[in-house]
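J.: Compact mmCIF, C-alpha atoms and all ligand atoms, file query-v5.txt:
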```txt
# COMPACT_ATOMS: atom_id res chain seq x y z
CA MET A 1317 63.27 111.29 90.29
CA ARG A 1318 63.74 112.36 86.67
CA SER A 1319 67.02 111.26 85.05
CA TRP A 1320 68.70 113.33 82.31
CA PRO A 1321 68.48 112.77 78.54
CA ALA A 1322 70.88 110.41 76.77
CA SER A 1323 72.85 111.79 73.85
CA ALA A 1324 72.60 109.71 70.67
CA ARG A 1325 75.43 107.23 70.04
CA SER A 1326 76.82 106.47 66.59
CA GLN A 1327 76.62 102.87 65.44
CA LEU A 1328 79.95 101.12 64.91
CA PRO A 1329 80.77 98.10 62.74
CA GLY A 1330 81.53 94.83 64.54
CA ARG A 1331 81.62 94.35 68.28
CA GLY A 1332 83.88 95.49 71.13
CA PHE A 1333 85.97 93.34 73.45
CA PRO A 1334 84.96 91.92 76.85
CA LEU A 1335 85.78 94.37 79.63
CA ARG A 1336 88.52 93.80 82.18
CA VAL A 1337 88.40 96.24 85.06
CA PHE A 1338 90.13 96.93 88.38
CA ASP A 1339 88.13 95.48 91.25
CA THR A 1340 88.81 97.13 94.60
CA ALA A 1341 87.87 94.08 96.66
CA THR A 1342 90.44 91.77 95.02
CA GLY A 1343 92.91 94.55 94.20
CA SER A 1344 93.30 93.25 90.65
CA VAL A 1345 92.20 93.84 87.07
CA ARG A 1346 89.71 91.09 86.29
CA PRO A 1347 87.24 90.15 83.54
CA LEU A 1348 83.83 91.54 84.41
CA GLU A 1349 82.22 88.15 83.64
CA ALA A 1350 78.70 89.51 83.33
CA GLY A 1351 75.67 88.01 81.61
CA PRO A 1352 73.80 89.68 78.74
CA THR A 1353 72.44 92.33 81.13
CA VAL A 1354 74.90 94.12 83.41
CA ARG A 1355 73.39 95.51 86.60
CA MET A 1356 75.28 98.53 87.88
CA TYR A 1357 74.67 100.73 90.90
CA VAL A 1358 76.61 103.98 91.23
CA CYS A 1359 76.41 106.26 94.25
CA GLY A 1360 75.18 109.70 93.33
CA ILE A 1361 75.78 113.13 94.78
CA THR A 1362 74.43 114.89 97.81
CA PRO A 1363 72.97 117.87 95.97
CA TYR A 1364 74.97 120.85 97.13
CA ASP A 1365 78.09 122.30 95.49
CA ALA A 1366 77.35 120.37 92.27
CA THR A 1367 79.02 119.58 89.91
CA HIS A 1368 82.72 119.83 90.66
CA LEU A 1369 85.26 118.14 88.41
CA GLY A 1370 85.74 115.27 90.86
CA HIS A 1371 82.04 114.44 90.39
CA ALA A 1372 82.36 114.78 86.63
CA PHE A 1373 85.40 112.45 86.56
CA THR A 1374 83.53 109.87 88.65
CA TYR A 1375 80.43 109.77 86.45
CA LEU A 1376 82.57 109.75 83.31
CA THR A 1377 84.07 106.44 84.54
CA TYR A 1378 80.67 104.71 84.56
CA ASP A 1379 79.72 106.39 81.29
CA LEU A 1380 82.83 104.85 79.67
CA LEU A 1381 82.16 101.53 81.35
CA THR A 1382 78.60 101.59 79.94
CA ARG A 1383 79.84 102.51 76.44
CA VAL A 1384 82.32 99.59 76.45
CA LEU A 1385 79.63 97.15 77.63
CA LEU A 1386 77.07 98.35 75.06
CA ASP A 1387 79.69 98.08 72.33
CA ALA A 1388 80.42 94.51 73.45
CA GLY A 1389 76.74 93.63 73.06
CA HIS A 1390 75.53 93.85 76.67
CA GLU A 1391 72.50 95.65 77.95
CA VAL A 1392 73.23 97.84 80.95
CA HIS A 1393 70.73 98.36 83.74
CA TYR A 1394 72.19 101.36 85.50
CA VAL A 1395 70.80 102.83 88.73
CA GLN A 1396 72.10 105.89 90.54
CA ASN A 1397 70.80 107.53 93.70
CA ILE A 1398 70.79 111.11 94.89
CA THR A 1399 71.06 111.76 98.63
CA ASP A 1400 68.50 114.55 98.71
CA VAL A 1401 68.19 114.56 102.51
CA ASP A 1402 71.36 114.68 104.61
CA ASP A 1403 73.20 116.75 107.23
CA PRO A 1404 75.26 118.82 104.75
CA LEU A 1405 72.05 120.08 103.15
CA PHE A 1406 70.71 121.27 106.51
CA GLU A 1407 74.00 122.96 107.34
CA ARG A 1408 74.06 124.73 103.97
CA ALA A 1409 70.39 125.74 104.33
CA LYS A 1410 71.09 127.24 107.76
CA ARG A 1411 74.18 129.09 106.51
CA ASP A 1412 72.39 130.56 103.49
CA GLY A 1413 68.96 131.06 105.08
CA LEU A 1414 67.29 128.79 102.53
CA ASP A 1415 64.97 125.79 102.62
CA TRP A 1416 67.04 122.55 102.35
CA ARG A 1417 64.51 121.18 99.84
CA GLU A 1418 65.06 124.18 97.58
CA ILE A 1419 68.86 123.69 97.70
CA ALA A 1420 68.41 120.01 96.83
CA ARG A 1421 66.04 120.85 93.96
CA SER A 1422 68.19 123.55 92.37
CA GLN A 1423 71.47 121.62 92.77
CA THR A 1424 69.89 118.47 91.31
CA ASP A 1425 68.77 120.51 88.29
CA LEU A 1426 72.30 121.89 87.92
CA PHE A 1427 73.80 118.38 88.15
CA ARG A 1428 71.43 117.10 85.44
CA ALA A 1429 72.31 120.04 83.19
CA ASP A 1430 76.06 119.46 83.68
CA MET A 1431 75.75 115.72 83.01
CA THR A 1432 73.76 116.46 79.85
CA ALA A 1433 76.32 119.01 78.64
CA LEU A 1434 79.16 116.51 79.21
CA ARG A 1435 77.17 113.79 77.39
CA ILE A 1436 77.40 111.48 80.41
CA LEU A 1437 75.07 108.52 79.74
CA PRO A 1438 72.22 108.68 82.27
CA PRO A 1439 71.08 105.94 84.66
CA ALA A 1440 67.85 104.17 83.69
CA ALA A 1441 66.61 104.88 87.21
CA TYR A 1442 67.69 107.99 89.07
CA VAL A 1443 66.36 107.58 92.59
CA GLY A 1444 66.12 110.09 95.44
CA ALA A 1445 66.59 109.28 99.11
CA VAL A 1446 63.36 111.01 100.12
CA GLU A 1447 61.24 109.05 97.67
CA SER A 1448 62.95 105.84 98.89
CA ILE A 1449 62.12 106.14 102.60
CA PRO A 1450 59.45 103.36 102.42
CA LEU A 1451 62.12 101.07 100.86
CA VAL A 1452 64.54 101.90 103.66
CA ILE A 1453 61.93 101.15 106.32
CA GLU A 1454 61.18 97.81 104.65
CA LEU A 1455 64.89 96.91 104.60
CA ILE A 1456 65.41 97.86 108.27
CA GLU A 1457 62.40 95.63 109.11
CA LYS A 1458 64.12 92.81 107.21
CA LEU A 1459 67.36 93.36 109.13
CA ARG A 1460 65.38 93.47 112.37
CA GLY A 1461 63.86 90.08 111.43
CA ARG A 1462 67.42 88.76 111.15
CA GLU A 1463 68.36 90.25 114.52
CA ALA A 1464 70.76 92.62 112.79
CA THR A 1465 69.59 95.84 114.46
CA TYR A 1466 69.85 97.35 117.94
CA ARG A 1467 68.95 100.62 119.58
CA VAL A 1468 71.05 103.31 121.13
CA ASP A 1469 68.54 105.64 122.75
CA ARG A 1470 65.92 106.06 120.01
CA ASP A 1471 68.31 105.52 117.08
CA ILE A 1472 68.78 102.18 115.32
CA TYR A 1473 72.19 100.71 114.50
CA PHE A 1474 73.51 97.77 112.50
CA PRO A 1475 75.93 95.43 114.32
CA ILE A 1476 78.80 94.72 111.93
CA GLU A 1477 79.37 91.42 113.73
CA ALA A 1478 76.27 90.24 111.81
CA ALA A 1479 78.24 90.63 108.55
CA PRO A 1480 81.09 88.10 108.32
CA ARG A 1481 82.48 89.70 105.15
CA PHE A 1482 82.71 93.18 106.66
CA GLY A 1483 86.08 94.70 105.72
CA LYS A 1484 86.64 92.51 102.65
CA ILE A 1485 86.34 95.43 100.19
CA SER A 1486 88.48 98.12 101.80
CA HIS A 1487 91.02 95.85 103.57
CA LEU A 1488 91.71 98.50 106.22
CA SER A 1489 92.93 97.94 109.76
CA PHE A 1490 90.42 98.48 112.57
CA ASP A 1491 92.09 101.76 113.54
CA ALA A 1492 92.04 103.01 109.96
CA MET A 1493 88.36 102.11 109.67
CA VAL A 1494 87.57 104.02 112.88
CA GLU A 1495 89.42 107.06 111.56
CA ARG A 1496 87.70 106.93 108.18
CA ALA A 1497 84.26 106.42 109.79
CA ALA A 1498 84.78 109.46 112.03
CA GLY A 1499 85.60 111.64 109.03
CA ASN A 1500 82.74 110.37 106.88
CA GLY A 1501 79.52 110.77 108.80
CA GLY A 1502 80.13 107.98 111.32
CA ASP A 1503 80.09 108.24 115.12
CA PRO A 1504 82.65 105.75 116.45
CA ASP A 1505 82.86 107.50 119.82
CA ARG A 1506 79.16 107.34 120.64
CA PRO A 1507 78.60 105.58 123.97
CA GLY A 1508 76.27 102.58 123.90
CA LYS A 1509 77.37 101.18 120.55
CA LYS A 1510 78.40 97.52 120.44
CA ASN A 1511 81.24 98.27 118.01
CA PRO A 1512 82.55 101.74 117.19
CA LEU A 1513 82.15 100.91 113.48
CA ASP A 1514 78.45 99.98 113.67
CA PRO A 1515 76.62 102.26 111.20
CA LEU A 1516 73.38 104.12 111.83
CA LEU A 1517 70.28 102.72 110.11
CA TRP A 1518 67.61 105.11 111.37
CA ARG A 1519 68.16 108.48 113.02
CA ALA A 1520 65.30 109.36 115.34
CA GLU A 1521 63.74 112.79 114.93
CA ARG A 1522 65.76 115.73 116.26
CA PRO A 1523 64.43 119.25 116.82
CA GLY A 1524 64.65 121.31 113.64
CA GLU A 1525 65.32 118.32 111.38
CA PRO A 1526 62.86 116.72 108.95
CA ALA A 1527 61.41 113.34 109.94
CA TRP A 1528 59.21 110.68 108.42
CA PRO A 1529 56.92 108.24 110.28
CA SER A 1530 58.09 104.64 110.69
CA PRO A 1531 57.30 101.59 112.84
CA PHE A 1532 60.39 102.52 114.91
CA GLY A 1533 59.29 106.09 115.46
CA PRO A 1534 59.68 109.25 113.37
CA GLY A 1535 63.12 109.87 111.91
CA ARG A 1536 65.17 109.57 108.74
CA PRO A 1537 67.44 107.00 107.09
CA GLY A 1538 71.14 106.55 107.64
CA TRP A 1539 73.33 107.08 104.58
CA HIS A 1540 74.42 103.53 103.76
CA ILE A 1541 71.01 101.89 104.16
CA GLU A 1542 69.60 104.31 101.58
CA CYS A 1543 71.85 102.93 98.82
CA ALA A 1544 71.36 99.31 99.92
CA ALA A 1545 67.57 99.72 99.80
CA ILE A 1546 67.58 101.40 96.38
CA ALA A 1547 70.03 98.92 94.83
CA LEU A 1548 68.18 95.86 96.19
CA THR A 1549 64.81 97.19 95.02
CA TYR A 1550 65.82 98.32 91.54
CA LEU A 1551 68.52 95.75 90.70
CA GLY A 1552 68.01 92.66 92.90
CA ALA A 1553 70.00 90.73 95.51
CA SER A 1554 73.20 90.66 93.51
CA ILE A 1555 74.68 93.21 91.12
CA ASP A 1556 77.58 93.17 88.69
CA VAL A 1557 79.13 96.57 89.43
CA GLN A 1558 79.10 98.77 92.53
CA GLY A 1559 80.55 102.13 91.59
CA GLY A 1560 81.41 105.47 93.13
CA GLY A 1561 84.32 107.67 94.13
CA SER A 1562 87.21 105.96 95.91
CA ASP A 1563 86.39 107.98 99.05
CA LEU A 1564 83.20 105.89 99.31
CA THR A 1565 85.03 102.57 99.64
CA PHE A 1566 84.90 102.90 103.42
CA PRO A 1567 82.61 103.28 105.25
CA HIS A 1568 79.88 103.77 102.65
CA HIS A 1569 80.29 100.77 100.37
CA GLU A 1570 81.53 98.40 103.04
CA CYS A 1571 78.45 99.19 105.15
CA GLY A 1572 75.90 99.31 102.31
CA ILE A 1573 77.08 95.97 100.95
CA ALA A 1574 77.00 94.47 104.47
CA HIS A 1575 73.37 95.64 104.88
CA ALA A 1576 72.38 94.04 101.57
CA GLU A 1577 74.18 90.74 102.20
CA VAL A 1578 72.79 90.31 105.73
CA ALA A 1579 69.24 91.20 104.61
CA THR A 1580 69.15 88.77 101.66
CA GLY A 1581 71.70 86.11 102.64
CA VAL A 1582 73.14 86.44 99.10
CA GLN A 1583 76.93 86.87 98.83
CA PRO A 1584 78.53 88.71 97.26
CA PHE A 1585 76.07 91.51 96.75
CA ALA A 1586 78.49 93.28 94.38
CA ARG A 1587 80.53 91.02 92.11
CA THR A 1588 82.88 93.86 91.13
CA CYS A 1589 83.65 97.12 92.95
CA VAL A 1590 84.87 99.86 90.60
CA HIS A 1591 86.09 103.06 92.23
CA THR A 1592 87.15 106.34 90.68
CA ALA A 1593 90.24 108.10 92.02
CA MET A 1594 90.05 111.61 93.44
CA VAL A 1595 90.76 114.83 91.56
CA GLY A 1596 92.89 117.41 93.33
CA LEU A 1597 93.24 121.16 93.14
CA ASP A 1598 95.96 123.26 94.77
CA GLY A 1599 97.63 120.21 96.27
CA HIS A 1600 94.59 118.67 97.94
CA LYS A 1601 91.68 116.39 96.98
CA MET A 1602 88.86 118.54 95.58
CA SER A 1603 86.30 118.63 98.36
CA LYS A 1604 83.41 120.64 99.62
CA SER A 1605 84.79 120.80 103.12
CA ARG A 1606 88.09 122.31 101.93
CA GLY A 1607 86.40 124.56 99.38
CA ASN A 1608 89.02 123.95 96.65
CA LEU A 1609 86.53 123.21 93.91
CA GLU A 1610 86.31 123.83 90.19
CA PHE A 1611 82.84 123.49 88.75
CA VAL A 1612 81.62 122.24 85.38
CA SER A 1613 79.07 125.06 85.29
CA ARG A 1614 81.75 127.71 85.97
CA LEU A 1615 83.90 126.42 83.10
CA LEU A 1616 80.86 126.35 80.79
CA ALA A 1617 79.96 129.90 81.81
CA ARG A 1618 83.49 130.96 80.84
CA GLY A 1619 82.84 129.59 77.36
CA VAL A 1620 84.81 126.35 77.64
CA PRO A 1621 83.16 123.87 75.23
CA PRO A 1622 81.72 120.86 77.09
CA ALA A 1623 83.58 118.59 74.64
CA ALA A 1624 86.86 120.16 75.82
CA ILE A 1625 85.99 119.52 79.48
CA ARG A 1626 85.20 115.93 78.60
CA ILE A 1627 88.48 115.53 76.71
CA ALA A 1628 90.42 117.02 79.66
CA LEU A 1629 88.87 114.37 81.93
CA LEU A 1630 89.48 111.57 79.40
CA ASP A 1631 93.18 112.32 79.63
CA HIS A 1632 93.30 110.55 83.03
CA HIS A 1633 92.91 106.93 84.09
CA HIS A 1634 90.07 106.31 86.52
CA THR A 1635 92.26 104.52 89.08
CA VAL A 1636 94.94 107.22 89.28
CA GLY A 1637 94.41 110.41 91.27
CA TRP A 1638 95.40 113.63 89.52
CA GLU A 1639 95.49 117.37 89.89
CA TRP A 1640 93.29 119.75 87.91
CA THR A 1641 95.13 122.73 86.42
CA PRO A 1642 93.55 125.53 84.37
CA SER A 1643 95.96 124.78 81.50
CA ALA A 1644 94.21 121.40 81.04
CA VAL A 1645 91.43 123.32 79.31
CA ASP A 1646 93.85 124.83 76.77
CA VAL A 1647 95.39 121.43 76.01
CA ALA A 1648 91.94 119.90 75.58
CA ARG A 1649 90.73 122.73 73.32
CA GLU A 1650 93.76 122.28 71.05
CA ARG A 1651 93.18 118.54 70.94
CA LEU A 1652 89.48 119.05 70.12
CA ALA A 1653 90.42 121.44 67.30
CA ARG A 1654 92.93 118.93 65.86
CA TRP A 1655 90.47 116.04 66.02
CA ARG A 1656 87.79 118.20 64.45
CA ALA A 1657 90.06 119.41 61.64
CA ALA A 1658 91.24 115.85 60.92
CA ALA A 1659 87.69 114.53 60.85
CA SER A 1660 86.37 117.28 58.61
CA HIS A 1661 88.11 115.84 55.53
CA THR A 1662 86.21 113.56 53.15
CA ARG A 1663 89.12 111.10 52.94
CA GLY A 1664 91.79 110.07 55.38
CA PRO A 1665 93.90 107.28 56.87
CA ASP A 1666 92.02 104.00 57.30
CA ALA A 1667 90.11 104.33 60.62
CA ARG A 1668 89.45 100.61 61.11
CA PRO A 1669 92.75 100.10 62.98
CA LEU A 1670 91.75 103.08 65.14
CA LEU A 1671 88.48 101.35 66.00
CA ASP A 1672 90.40 98.24 67.07
CA GLN A 1673 92.87 100.29 69.15
CA VAL A 1674 90.23 102.37 70.94
CA ARG A 1675 88.18 99.25 71.68
CA ARG A 1676 91.23 97.42 73.03
CA ARG A 1677 92.38 100.34 75.19
CA LEU A 1678 88.96 100.93 76.75
CA ALA A 1679 88.29 97.21 77.32
CA ASP A 1680 91.62 97.10 79.21
CA ASP A 1681 90.51 98.68 82.49
CA LEU A 1682 88.97 101.72 80.77
CA ASP A 1683 92.30 103.06 79.53
CA ALA A 1684 90.89 106.38 78.30
CA PRO A 1685 94.34 108.07 78.01
CA GLY A 1686 95.44 105.19 75.76
CA ALA A 1687 92.33 105.62 73.61
CA VAL A 1688 92.90 109.39 73.41
CA ALA A 1689 96.50 108.77 72.31
CA ALA A 1690 95.27 106.43 69.54
CA VAL A 1691 92.92 109.15 68.25
CA ASP A 1692 95.81 111.65 68.42
CA ARG A 1693 97.93 109.40 66.20
CA TRP A 1694 95.15 108.98 63.66
CA ALA A 1695 94.45 112.75 63.65
CA SER A 1696 98.16 113.56 63.17
CA ALA A 1697 98.32 111.20 60.19
CA ALA A 1698 95.15 112.73 58.72
CA LEU A 1699 96.41 116.29 59.19
CA ALA A 1700 99.69 115.33 57.52
CA ALA A 1701 97.52 114.57 54.48
CA GLY A 1702 98.11 110.85 54.92
CA GLY A 1703 95.58 108.34 53.70
CA ASP A 1704 93.05 108.33 50.94
CA VAL A 1705 90.30 106.11 52.31
CA PRO A 1706 86.83 107.47 51.55
CA ASP A 1707 84.64 107.93 54.65
CA ALA A 1708 87.55 107.20 57.03
CA PRO A 1709 86.95 110.56 58.79
CA ALA A 1710 83.27 109.63 59.16
CA LEU A 1711 84.25 106.37 60.88
CA ALA A 1712 86.74 108.24 63.10
CA ARG A 1713 83.97 110.65 64.11
CA ALA A 1714 81.69 107.71 64.93
CA ILE A 1715 84.41 106.06 67.06
CA ILE A 1716 85.11 109.24 68.99
CA ASP A 1717 81.39 109.86 69.46
CA SER A 1718 80.31 106.34 70.37
CA LEU A 1719 83.20 105.14 72.55
CA LEU A 1720 84.66 108.36 73.95
CA GLY A 1721 81.39 110.30 73.99
CA VAL A 1722 82.90 113.36 72.31
CA ASP A 1723 80.92 115.08 69.58
CA ILE A 1724 83.38 116.42 66.98
CA GLU A 1725 80.98 116.94 64.11
CA PRO A 1726 82.55 119.73 62.04
CA VAL A 1727 81.12 123.13 62.79
CA VAL A 1728 79.27 124.42 59.75
CA ALA A 1729 78.88 128.11 59.02
CA GLY A 1730 75.98 129.47 61.02
CA GLY A 1731 75.58 126.06 62.60
CA ARG A 1732 75.83 124.84 66.14
CA SER A 1733 78.93 124.99 68.23
CA VAL A 1734 79.80 122.35 70.82
ZN ZN B 1 75.76 105.11 97.93
```
Will you turn the file into structure tokens for me?
Ligand code: ZN
T.:
Amino acid sequence: MRSWPASARSQLPGRGFPLRVFDTATGSVRPLEAGPTVRMYVCGITPYDATHLGHAFTYLTYDLLTRVLLDAGHEVHYVQNITDVDDPLFERAKRDGLDWREIARSQTDLFRADMTALRILPPAAYVGAVESIPLVIELIEKLRGREATYRVDRDIYFPIEAAPRFGKISHLSFDAMVERAAGNGGDPDRPGKKNPLDPLLWRAERPGEPAWPSPFGPGRPGWHIECAAIALTYLGASIDVQGGGSDLTFPHHECGIAHAEVATGVQPFARTCVHTAMVGLDGHKMSKSRGNLEFVSRLLARGVPPAAIRIALLDHHHTVGWEWTPSAVDVARERLARWRAAASHTRGPDARPLLDQVRRRLADDLDAPGAVAAVDRWASAALAAGGDVPDAPALARAIIDSLLGVDIEPVVAGGRSV
């Protein structure tokens, strides 16, 4: 699957600080403790109703994380999947009288365009579920070799009793896990299962649904095994960061990580689990099922500059849920205008302390609001005609571009807008 283009990043003097980040499994902010190359897997979208602001906020988290790591001298090997075959696609196709493959194709294109507009750094490998079916089959065979599969009718399940660490990421009670599984594609009530929480590995062919041949009969992959197979193939038996929205903590990440650990015997599969909090609208989490969505493409169509959308998202910490309001766009546009005006001067307040502050804030659990506040202070000083350091505005522009991913190059007459 084609990824999307990376926007250029300004070079900064010196080097950033080592990242400390909130790890869901331990419930604490910890040093990432990665080697020169950081391997990161982030769960991608199911391509329908793309790209709402909850998606955008999620992928911004891993974009910021990547920027901090690059600035600190790491290389980042970033892999993201796209679940381009799944029940919601079939339901949408039926409702709209379309081919599910066409919905997946057009929504994937829209997602790529939105990510490009928001200057979200792309994964090195962007991998579809359909193209990964041979990898899934191989992984199920591996689990079968470890006696970690069983059948219910023609479907294949994974017994969670094979995974001693199951539950160590989400820390939920059994009842809470059952409830979350039921609401997130699981089938805890299905008769014949050894444990209500056992996830599906391979769904045997059903009338009217697509299917692919396999040694266990025609069918299609379960959701969690798809990510485990892609991550193991593209990144190896152990990764530094498992990312995704906080709604994926259970069952998706708990199950996917259990599949990987049982198949390879390597623990932990994910050394750090970084989750992004949910974005709400009208008092509820933004979700497809509820229909309370605001889309990146709709804001862009209304003429909102992508840099303003990005700034509106940067105003929130990735571990804290928040509510989208239309006025956020106005606040962000004003902020963008102030930053742009401040950075359009040829001289200004020394920007080296700003570089230090932005680096410190972002290295401290990706404190984007703290970094935004530091830029605000520098811009206020510059607009108050403070400072006489040549090229300080150029350094401020580079900081904002490289670490926050916001392009504030001054608009020149007849030139581009943002
Ligand atoms: Zn996933």
J.: Tell me which protein, DNA and RNA residues are within 9 Å of A:Arg1470, counting only C-alpha atoms, leaving out same-chain ones fewer than 6 positions away, and put them as a VMD selection string.
T.: chain A and resid 1518 to 1521 1532 to 1533
J.: Grab the atom CA of A:Thr1641 to atom CA of A:Leu1615 distance for me, in Å with one decimal place.
T.: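 Interatomic distance, atom CA of A:Thr1641 to atom CA of A:Leu1615: 12.3 Å.
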J.: Please return as a ChimeraX atom specification the residues found within 8 Å of ligand ZN 1 (chain B), counting all atoms listed in the file.
T.: /A:1358-1360,1397,1539-1540,1542-1544,1560,1564,1568-1569,1572
J.: Could you tell me which of A:Pro1321, A:Pro1475, A:Gly1444, A:Gly1535 comes closest to A:Pro1512 if we count all atoms listed in the file?
T.: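 Residue with the minimum atom-to-atom distance to A:Pro1512: A:Pro1475.
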J.: What's around A:His1368 at 8 Å? Count only C-alpha atoms, leave out sequence neighbours fewer than 5 positions away in its own chain, and write the answer as a list in words.
T.: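 These residues fall inside the cut-off: Met1602, Leu1609, Glu1610, Phe1611 and Val1612 of chain A.
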J.: Nearest residue to A:Arg1355 out of A:Asn1500, A:Ser1643, A:Ser1422, A:Gln1558, using only C-alpha atoms?
T.: A:Gln1558
J.: Residues at most 8 Å from stretch 1522-1529 of chain A, counting only C-alpha atoms, excluding those fewer than 5 positions away in the same chain, as a PyMOL selection string?
T.: chain A and resi 1406+1449+1534-1536
J.: Just the number, please: distance in Å from atom CA of A:Leu1513 to atom CA of A:Pro1404, one decimal.
T.: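 Calculated distance between atom CA of A:Leu1513 and atom CA of A:Pro1404 is 21.1 Å.
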J.: Would you mind listing what lies within 10 Å of stretch 1460-1462 of chain A as a list in words, with only C-alpha atoms counted and same-chain residues fewer than 3 positions away left out?
T.: Glu1454, Leu1455, Ile1456, Glu1457, Thr1465, Tyr1466, Ile1472, Phe1474, Ala1478, Val1578, Ala1579, Thr1580 and Gly1581 of chain A
J.: Which of these residues is nearest to A:Leu1369, using all atoms listed in the file: A:Pro1329, A:Pro1504, A:Gly1561, A:Gly1483?
T.: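 Counting all atoms listed in the file, the residue closest to A:Leu1369 is A:Gly1561.
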J.: Could you check the closest approach to A:Ala1464 for each of A:Ala1574, A:Leu1597, A:Ile1555, A:Ala1701 and tell me which residue wins, using all atoms listed in the file?
T.: A:Ala1574
J.: Within 10 Å of (79.8, 97.7, 79.3), all atoms listed in the file: residues as a ChimeraX atom specification?
T.: /A:1332-1336,1348,1350,1353-1356,1378-1392,1679
J.: Point out the residue among A:Leu1516, A:Ile1573, A:Val1446, A:Phe1566 with the least atom-to-atom distance to A:Met1493, counting all atoms listed in the file.
T.: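 Closest to A:Met1493 of all the choices is A:Phe1566.
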J.: Hey, which of A:Pro1450, A:Pro1567, A:Pro1439, A:Gly1538 ends up closest to A:Ile1476? Count only C-alpha atoms.
T.: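 When distances to A:Ile1476 are compared using only C-alpha atoms, the smallest one comes from A:Pro1567.
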J.: Pick out the residues sitting within 10 Å of A:Phe1338, and hand them over as JSON, numbers by chain; count all atoms listed in the file, and ignore anything fewer than 4 positions along from it in its own chain.
T.: {"A": [1342, 1343, 1344, 1345, 1346, 1347, 1348, 1588, 1589, 1590, 1591, 1634, 1635, 1680, 1681, 1682]}
J.: Residues as selected, C-alpha atoms, written as an mmCIF file, in the coordinates of the input, can you do that?
T.:
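Output below, filename again-v9.cif:
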```cif
data_model
loop_
_atom_site.group_PDB
_atom_site.id
_atom_site.type_symbol
_atom_site.label_atom_id
_atom_site.label_comp_id
_atom_site.auth_asym_id
_atom_site.auth_seq_id
_atom_site.Cartn_x
_atom_site.Cartn_y
_atom_site.Cartn_z
ATOM 1 C CA THR A 1342 90.440 91.770 95.020
ATOM 2 C CA GLY A 1343 92.910 94.550 94.200
ATOM 3 C CA SER A 1344 93.300 93.250 90.650
ATOM 4 C CA VAL A 1345 92.200 93.840 87.070
ATOM 5 C CA ARG A 1346 89.710 91.090 86.290
ATOM 6 C CA PRO A 1347 87.240 90.150 83.540
ATOM 7 C CA LEU A 1348 83.830 91.540 84.410
ATOM 8 C CA THR A 1588 82.880 93.860 91.130
ATOM 9 C CA CYS A 1589 83.650 97.120 92.950
ATOM 10 C CA VAL A 1590 84.870 99.860 90.600
ATOM 11 C CA HIS A 1591 86.090 103.060 92.230
ATOM 12 C CA HIS A 1634 90.070 106.310 86.520
ATOM 13 C CA THR A 1635 92.260 104.520 89.080
ATOM 14 C CA ASP A 1680 91.620 97.100 79.210
ATOM 15 C CA ASP A 1681 90.510 98.680 82.490
ATOM 16 C CA LEU A 1682 88.970 101.720 80.770
#
```
J.: Can you report as JSON the centre and edge lengths in Å, to one decimal, of an axis-aligned box around the listed atoms of stretch 1442-1451 of chain A padded with 6 Å on each side?
T.:
```
{"center_x": 63.6, "center_y": 106.0, "center_z": 95.8, "size_x": 20.2, "size_y": 21.9, "size_z": 25.5}
```
J.: Using Å and a single decimal, report how far atom CA of A:Ser1326 sits from atom CA of A:Gly1702.
T.: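 We find that atom CA of A:Gly1702 and atom CA of A:Ser1326 lie 24.7 Å from each other.
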